[in-house]
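Colleague: Would you mind keeping the following structure in view while I ask a few things?
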2 protein chains.
Amino acid sequence: MRTVPVTFADVVAAYDRVAAVVRRTRTERAHTLEHRTGHRVHLKYENEQETGSFKIRGAWSRISRIPPGELSRGVVAASSGNHAQGVARAAALAGCSATVFMPTDATPAKVEAVRRLGARVELYDREQALPADLVTEFARATGATPVPPFDDPDVIAGQGTAALELFADAGELDAVFVPLGGGGLLAGTATVFKTLAPRARVIGVEPEGGDDWVRSRQAGRPVLIDPPRTIADGARTRSPGELTFAIVSALVDDVVTVTDEELTATVRLLALSERTVVEPTGALGAAGLLANRVRLPHNSRVGVILSGGNIAPAVFAAIVAGEASRDSW
Amino acid sequence: MRTVPVTFADVVAAYDRVAAVVRRTRTERAHTLEHRTGHRVHLKYENEQETGSFKIRGAWSRISRIPPGELSRGVVAASSGNHAQGVARAAALAGCSATVFMPTDATPAKVEAVRRLGARVELYDREQALPADLVTEFARATGATPVPPFDDPDVIAGQGTAALELFADAGELDAVFVPLGGGGLLAGTATVFKTLAPRARVIGVEPEGGDDWVRSRQAGRPVLIDPPRTIADGARTRSPGELTFAIVSALVDDVVTVTDEELTATVRLLALSERTVVEPTGALGAAGLLANRVRLPHNSRVGVILSGGNIAPAVFAAIVAGEASRDSW
C-alpha cells in the first residue's frame, strides 16, 4: 500500500488555519455553461480570492505552521505570479518578512503588487540563475523558511481547502475540473473529493503548449518538457512536482489539454456571460469542460474551479475584443 | 401630507413575488474601494442578476400582477437595453408572449439576446416614431399590457427589492449610492432605506452628459434636456418620470453627476481589482463614491449598487485597455 503524502485529515486541519484569513469565495450555477454543455455546472470563484487567486490558501497553510522562533527570520519564495502575491500577503498576516525572487522579465505590475503587499522583491535573470537555487541559498544564508509553490504537503493541503468549500456549497458531484500547473490545487482537490465523493471524476486541465503532465503520465514518471509556450502563464511548469505527481497518479482520473484558442474563448465567455474576470490559467478547468475533453453522461453534476483572476489589462482587453493572438505573450 | 405612490409595504409585497424568480445577488466588501475612499464599502452585484441587470425585478413585479385573462394577450415594452431583456425573461417565466420595440440602431447583440429570451422584437426608426406611442398603439390594438421601464408603481417596488437585499446583507448604512437613469432603482431604494435606515443618505448618480435629474431638481419639476451624450447608455433619459421624480424629490438626499472619464475609470477598476464586469451605467454609483461627490465622515458604512453588466465586448475591451474614447459610443 502506498504512503499518501497528504491525507483528507491534513486538508481539514489546514482549513482550521486557513479559514480565518481567506475569503470564502462563492460557488454558483453558471447558466450559460449549462446551456452549452447540458450539465449542471457549479463554478467556484477563486479568482475573487484575496490576492486574486487560490495561492494564499497554500501559502498561509505553510507559513502558519512555522514555529515563532523560525518565523522571525522570515520566509522566502520564488515566483513570477500568483504564488508571489499569496506568500507576500500570508507573510504580512503572519507578521514576518518575506523575500520573493522574481525574474527580471516579470510584468512590472506584478512586481509592484508584491511590493505593495509588503514583501521585498529580488529580481534575477532567468539566464543566469535557477529560482530554486536562489531560494535554497537565501534560506541557508538567512535562516528564512522556503515556501514552495506546490510541492509541499502543507501547501497542497492548503490548496485543497478550496475544494472543501466547493463540496460544502455544491454537494455531491459527478466530475470536477481543475486548472493544472504545478499540481498543488489538483492534488488537494483530489484528496478532498476521493474521500467525500469518491465517485466524482477528478480532472486536471493543462495547456496543450505546456503538457508536462500528460507526457509524464504517459511515461509513468515526471518528465521535463521544453519551455512551454502558452498564454496560461501560471501553467508554464516544465515538470510535475514529486509529491503532486504521486498524489495525482494515485487519485486523479484524467488529465487533458486545451488549446490557447479554447482558453481565450473561455475567458471571453466568462467575462461576457458570467461577468467575471478570470486569467487564462484560471480558466483551464472551464475550458476543459467546454471543450468536451471528457465524456460525461448528460446532465452530470460538474464542479469547476476558476483559480485566478490576475491578468494584464492589455491581455484581457485583447481577449474580450476577440483579438487575442500570440503577440500577447 | 403627500400621497406616496409606492410604500415600503409595496416593496415587501413585490419581494414576495420577485424572490422566486430572481437571483439573490451577493453583497460583498470591496477592499480596493475601501483603501481608496476610507469607508466601509458594500457592493451589491446586480450585474450578476438574471439577464445581467436589476431590470428583471421590476418587470416581473409588474407582469406577475397581470390577471390571467389579460396575460394571455401578452405584454409590450420599448427599450434598447436592459429593460428589454428583463421584460422578455419575465414574460417567458409568466408563460405569456412579449413584444419589444427596439430602435433600428440597437446593437445586434442586444436584439439577438432579447429574441433568444423568447420575445418578438419590432424594430422602429427613431426618426419616425416615439417608442411610447408605439407601445400605446400596440396595446390598444392587441390588448397587450404595457410594462413601463420605470414610471410605474409595481416596477418601482420591484426595483426596490434589490435594496431590500442590500439592507439584509450589509445592515445599517450611512450612505447608499445608486445609478440613476429613469429613477426606478433610486426611487425603490429610497423607499426601502428611508423606512429601514432613515439616517442613511440616499444618493443618485447620473452622467454629467445626461443630467436631467440635476436640472429637474433645480427647476423643481421634470425638465426635458437635449439628447444626452454619455457612455452610460442606460442613463440617456431626457427627463425624469413623474412618479420617480415625486418619490426622489421626497426621499433622496443628493443627486450628483460623474464624467464619462470617471465612469470608465471605475469600470476598469472594478474589472481589475474586484474581477467583475460592470457596464458604464451600472458603475454610476461606484463612480460617484470614488469621485468623492458627497462628503461623508471617515469610515462611513457605504452601500453601492452595481446595477448591470451588459456591455458591448469592444467597448469593455477599450475601457480595460485604457483606450476608452468618445469613439466608443
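Following the order of the C-alpha cells, first chain is A, next is B, and so on, with residues numbered from 1 inside each chain and ligands from 1 in the order they appear.
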Please check the contacts: residues of chain A at most 12 Å away from chain B, using only C-alpha atoms, listed as a ChimeraX atom specification.

Modeller: /A:23-32,45-53,109,113,268-279,306,308-324

Colleague: Keeping C-alpha atoms, export the residues of the selection given above as a PDB file, in the first residue's frame.

Modeller:
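And here's out_12.pdb as it stands now:
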```pdb
ATOM      1  CA  ARG A  23     -12.312  34.746   1.667  1.00  0.00           C
ATOM      2  CA  ARG A  24     -14.888  32.025   1.477  1.00  0.00           C
ATOM      3  CA  THR A  25     -15.421  32.514  -2.212  1.00  0.00           C
ATOM      4  CA  ARG A  26     -18.800  31.827  -3.725  1.00  0.00           C
ATOM      5  CA  THR A  27     -19.887  28.781  -5.677  1.00  0.00           C
ATOM      6  CA  GLU A  28     -22.648  29.444  -8.181  1.00  0.00           C
ATOM      7  CA  ARG A  29     -24.505  27.799 -11.015  1.00  0.00           C
ATOM      8  CA  ALA A  30     -23.461  29.079 -14.421  1.00  0.00           C
ATOM      9  CA  HIS A  31     -26.417  29.107 -16.760  1.00  0.00           C
ATOM     10  CA  THR A  32     -24.565  29.855 -19.974  1.00  0.00           C
ATOM     11  CA  TYR A  45     -14.805  31.686  -7.864  1.00  0.00           C
ATOM     12  CA  GLU A  46     -11.261  31.573  -6.535  1.00  0.00           C
ATOM     13  CA  ASN A  47     -10.483  34.450  -8.884  1.00  0.00           C
ATOM     14  CA  GLU A  48     -12.270  36.535  -6.246  1.00  0.00           C
ATOM     15  CA  GLN A  49      -9.960  35.283  -3.504  1.00  0.00           C
ATOM     16  CA  GLU A  50      -7.643  37.659  -1.614  1.00  0.00           C
ATOM     17  CA  THR A  51      -4.683  38.486  -3.899  1.00  0.00           C
ATOM     18  CA  GLY A  52      -6.740  37.249  -6.838  1.00  0.00           C
ATOM     19  CA  SER A  53      -6.061  33.519  -6.689  1.00  0.00           C
ATOM     20  CA  ALA A 109       2.507  45.453 -12.354  1.00  0.00           C
ATOM     21  CA  ALA A 113       1.649  44.238  -6.452  1.00  0.00           C
ATOM     22  CA  ARG A 268     -14.144  35.811 -23.052  1.00  0.00           C
ATOM     23  CA  LEU A 269     -17.279  33.759 -22.420  1.00  0.00           C
ATOM     24  CA  LEU A 270     -16.845  34.025 -18.641  1.00  0.00           C
ATOM     25  CA  ALA A 271     -16.450  37.805 -18.907  1.00  0.00           C
ATOM     26  CA  LEU A 272     -19.446  38.346 -21.142  1.00  0.00           C
ATOM     27  CA  SER A 273     -21.872  35.784 -19.752  1.00  0.00           C
ATOM     28  CA  GLU A 274     -20.846  35.369 -16.105  1.00  0.00           C
ATOM     29  CA  ARG A 275     -19.447  38.914 -15.787  1.00  0.00           C
ATOM     30  CA  THR A 276     -16.300  37.683 -14.097  1.00  0.00           C
ATOM     31  CA  VAL A 277     -12.643  38.352 -14.801  1.00  0.00           C
ATOM     32  CA  VAL A 278     -10.592  35.151 -14.986  1.00  0.00           C
ATOM     33  CA  GLU A 279      -6.990  34.837 -16.124  1.00  0.00           C
ATOM     34  CA  LEU A 306     -11.840  29.243 -11.522  1.00  0.00           C
ATOM     35  CA  GLY A 308      -7.299  33.063 -10.524  1.00  0.00           C
ATOM     36  CA  GLY A 309      -8.094  36.487 -11.913  1.00  0.00           C
ATOM     37  CA  ASN A 310      -4.749  38.249 -12.233  1.00  0.00           C
ATOM     38  CA  ILE A 311      -4.486  39.201 -15.858  1.00  0.00           C
ATOM     39  CA  ALA A 312      -2.661  42.069 -17.519  1.00  0.00           C
ATOM     40  CA  PRO A 313      -5.217  44.659 -18.644  1.00  0.00           C
ATOM     41  CA  ALA A 314      -3.920  44.707 -22.225  1.00  0.00           C
ATOM     42  CA  VAL A 315      -4.142  40.919 -22.499  1.00  0.00           C
ATOM     43  CA  PHE A 316      -7.634  40.849 -21.030  1.00  0.00           C
ATOM     44  CA  ALA A 317      -8.739  43.669 -23.321  1.00  0.00           C
ATOM     45  CA  ALA A 318      -7.424  41.829 -26.378  1.00  0.00           C
ATOM     46  CA  ILE A 319      -9.225  38.659 -25.346  1.00  0.00           C
ATOM     47  CA  VAL A 320     -12.533  40.426 -24.741  1.00  0.00           C
ATOM     48  CA  ALA A 321     -12.196  42.234 -28.052  1.00  0.00           C
ATOM     49  CA  GLY A 322     -11.676  38.855 -29.685  1.00  0.00           C
ATOM     50  CA  GLU A 323      -8.222  39.875 -30.854  1.00  0.00           C
ATOM     51  CA  ALA A 324      -6.134  37.622 -28.648  1.00  0.00           C
TER      52      ALA A 324
END
```

Colleague: Do you know which residues are at most 10 Å from Arg238 in chain B counting only C-alpha atoms, after dropping those on the same chain fewer than 2 positions away, and could you put them as a PyMOL selection string?

Modeller: chain B and resi 181-182+210-213+222-228+235-236+240-241

Colleague: I need the chosen residues saved as a PDB file, in the first residue's frame, with N, CA and C atoms.

Modeller:
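Written file, out_28.pdb:
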```pdb
ATOM      1  N   GLY B 181     -30.993  56.586 -13.917  1.00  0.00           N
ATOM      2  CA  GLY B 181     -31.391  56.823 -15.304  1.00  0.00           C
ATOM      3  C   GLY B 181     -32.819  57.354 -15.285  1.00  0.00           C
ATOM      4  N   GLY B 182     -33.787  56.437 -15.385  1.00  0.00           N
ATOM      5  CA  GLY B 182     -35.181  56.846 -15.268  1.00  0.00           C
ATOM      6  C   GLY B 182     -35.616  57.042 -13.830  1.00  0.00           C
ATOM      7  N   GLY B 210     -25.812  63.694 -19.197  1.00  0.00           N
ATOM      8  CA  GLY B 210     -27.246  63.401 -19.243  1.00  0.00           C
ATOM      9  C   GLY B 210     -27.837  63.748 -17.889  1.00  0.00           C
ATOM     10  N   ASP B 211     -27.746  65.044 -17.546  1.00  0.00           N
ATOM     11  CA  ASP B 211     -28.041  65.476 -16.169  1.00  0.00           C
ATOM     12  C   ASP B 211     -29.473  65.975 -16.017  1.00  0.00           C
ATOM     13  N   ASP B 212     -30.412  65.237 -16.601  1.00  0.00           N
ATOM     14  CA  ASP B 212     -31.815  65.655 -16.499  1.00  0.00           C
ATOM     15  C   ASP B 212     -32.299  65.737 -15.056  1.00  0.00           C
ATOM     16  N   TRP B 213     -31.762  64.893 -14.178  1.00  0.00           N
ATOM     17  CA  TRP B 213     -32.220  64.912 -12.785  1.00  0.00           C
ATOM     18  C   TRP B 213     -31.697  66.134 -12.030  1.00  0.00           C
ATOM     19  N   PRO B 222     -39.912  68.080 -13.444  1.00  0.00           N
ATOM     20  CA  PRO B 222     -39.195  67.379 -14.513  1.00  0.00           C
ATOM     21  C   PRO B 222     -38.996  68.286 -15.719  1.00  0.00           C
ATOM     22  N   VAL B 223     -37.764  68.474 -16.156  1.00  0.00           N
ATOM     23  CA  VAL B 223     -37.499  69.234 -17.377  1.00  0.00           C
ATOM     24  C   VAL B 223     -36.935  68.282 -18.431  1.00  0.00           C
ATOM     25  N   LEU B 224     -37.059  68.708 -19.677  1.00  0.00           N
ATOM     26  CA  LEU B 224     -36.574  67.899 -20.804  1.00  0.00           C
ATOM     27  C   LEU B 224     -35.221  68.446 -21.253  1.00  0.00           C
ATOM     28  N   ILE B 225     -34.217  67.585 -21.307  1.00  0.00           N
ATOM     29  CA  ILE B 225     -32.898  68.050 -21.749  1.00  0.00           C
ATOM     30  C   ILE B 225     -32.630  67.583 -23.177  1.00  0.00           C
ATOM     31  N   ASP B 226     -31.596  68.136 -23.790  1.00  0.00           N
ATOM     32  CA  ASP B 226     -31.194  67.698 -25.124  1.00  0.00           C
ATOM     33  C   ASP B 226     -30.770  66.230 -25.077  1.00  0.00           C
ATOM     34  N   PRO B 227     -30.805  65.549 -26.205  1.00  0.00           N
ATOM     35  CA  PRO B 227     -30.389  64.139 -26.201  1.00  0.00           C
ATOM     36  C   PRO B 227     -29.013  63.987 -25.559  1.00  0.00           C
ATOM     37  N   PRO B 228     -28.928  63.189 -24.492  1.00  0.00           N
ATOM     38  CA  PRO B 228     -27.668  63.046 -23.754  1.00  0.00           C
ATOM     39  C   PRO B 228     -26.560  62.436 -24.600  1.00  0.00           C
ATOM     40  N   ALA B 235     -28.573  55.462 -19.031  1.00  0.00           N
ATOM     41  CA  ALA B 235     -28.948  56.689 -18.314  1.00  0.00           C
ATOM     42  C   ALA B 235     -29.074  57.853 -19.286  1.00  0.00           C
ATOM     43  N   ARG B 236     -29.438  57.507 -20.534  1.00  0.00           N
ATOM     44  CA  ARG B 236     -29.614  58.567 -21.528  1.00  0.00           C
ATOM     45  C   ARG B 236     -31.054  59.077 -21.543  1.00  0.00           C
ATOM     46  N   PRO B 240     -36.858  62.998 -16.124  1.00  0.00           N
ATOM     47  CA  PRO B 240     -37.296  62.045 -15.085  1.00  0.00           C
ATOM     48  C   PRO B 240     -38.739  61.623 -15.322  1.00  0.00           C
ATOM     49  N   GLY B 241     -39.115  60.472 -14.776  1.00  0.00           N
ATOM     50  CA  GLY B 241     -40.514  60.088 -14.797  1.00  0.00           C
ATOM     51  C   GLY B 241     -41.306  60.911 -13.788  1.00  0.00           C
TER      52      GLY B 241
END
```

Colleague: Write out as number ranges by chain all residues of range 22-270 of chain A that DSSP puts in strand (DSSP E) for this structure's backbone.

Modeller: A: 27-29, 40-45, 75-78, 98-103, 120-124, 145-146, 175-179, 201-207, 254-258

Colleague: Would you mind listing what lies within 7 Å of range 2-8 of chain B as a PyMOL selection string, with only C-alpha atoms counted and same-chain residues fewer than 4 positions away left out?

Modeller: chain B and resi 12+153+157+191-192+195+243

Colleague: Restrict the selected residues to N, CA, C and O atoms and save them as a short mmCIF file (atom, residue, chain, number, x, y, z; two decimals), in the first residue's frame.

Modeller:
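After the write, again24.cif holds the following:
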```cif
data_model
loop_
_atom_site.label_atom_id
_atom_site.label_comp_id
_atom_site.auth_asym_id
_atom_site.auth_seq_id
_atom_site.Cartn_x
_atom_site.Cartn_y
_atom_site.Cartn_z
N VAL B 12 -42.08 45.23 -0.03
CA VAL B 12 -42.10 43.92 0.63
C VAL B 12 -43.03 42.97 -0.11
O VAL B 12 -42.71 41.79 -0.33
N PRO B 153 -45.76 52.09 -10.43
CA PRO B 153 -45.58 51.71 -9.01
C PRO B 153 -45.08 50.28 -8.83
O PRO B 153 -44.23 50.03 -7.97
N ALA B 157 -41.52 49.34 -7.14
CA ALA B 157 -41.50 48.43 -5.98
C ALA B 157 -40.60 47.24 -6.26
O ALA B 157 -39.84 46.78 -5.39
N THR B 191 -37.19 54.29 -1.02
CA THR B 191 -38.37 53.81 -0.30
C THR B 191 -37.97 52.81 0.78
O THR B 191 -38.48 52.84 1.91
N VAL B 192 -37.03 51.96 0.46
CA VAL B 192 -36.58 50.95 1.41
C VAL B 192 -35.74 51.58 2.53
O VAL B 192 -36.00 51.37 3.72
N THR B 195 -37.23 53.88 5.23
CA THR B 195 -38.03 53.17 6.23
C THR B 195 -37.13 52.39 7.19
O THR B 195 -37.25 52.51 8.41
N LEU B 243 -43.68 59.76 -11.57
CA LEU B 243 -43.70 59.08 -10.27
C LEU B 243 -42.31 59.06 -9.65
O LEU B 243 -42.15 59.32 -8.46
#
```

Colleague: Counting only C-alpha atoms, figure out which residue out of B:Leu180, B:Leu284, B:Leu263, B:Val155 gets nearest to Thr237 in chain B.

Modeller: B:Leu180

Colleague: Please indicate the distance in Å from CA of Leu117 in chain B to CA of Gln85 in chain B, rounded to one decimal place.

Modeller: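 A separation of 7.2 Å between them.
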
Colleague: Distance CA of Ala90 in chain A-CA of Arg65 in chain A, one decimal place?

Modeller: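 Value for the CA of Ala90 in chain A-CA of Arg65 in chain A distance: 11.7 Å.
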
Colleague: Select from range 217-304 of chain B everything DSSP, run on the backbone, classes as helix (DSSP H, G or I), then give the selection as a PyMOL selection string.

Modeller: chain B and resi 217-219+233-235+242-251+260-273+281-290

Colleague: What does the structure give for the distance between CA of Arg221 in chain B and CA of Ala197 in chain B, in Å to one decimal?

Modeller: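 Interatomic distance, CA of Arg221 in chain B to CA of Ala197 in chain B: 27.1 Å.
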
Colleague: Could I get the residues of range 22-76 of chain A with an atom no further than 6 Å from an atom of range 291-299 of chain A, each paired with its nearest atom pair and that distance in Å to one decimal, using only C-alpha atoms, sorted by chain and residue number, as CSV?

Modeller:
```
residue,atom,partner,partner_atom,distance
A:Gly38,CA,A:Asn299,CA,5.5
A:His39,CA,A:Asn299,CA,4.0
A:Arg40,CA,A:Asn299,CA,5.9
```

Colleague: I'd like the contact shell of Arg120 in chain A - 10 Å cut-off, only C-alpha atoms, skipping same-chain residues fewer than 5 positions apart - returned as a list in words.

Modeller: Val76, Ala88, Ser97, Ala98, Thr99, Val100, Phe101, Val111, Val114 and Arg115 of chain A

Colleague: Find the residues around Val258 in chain A up to 7 Å (only C-alpha atoms counted), leave out those fewer than 4 positions away in its own chain, and share them as a PyMOL selection string.

Modeller: chain A and resi 206-208+262-263+287-288
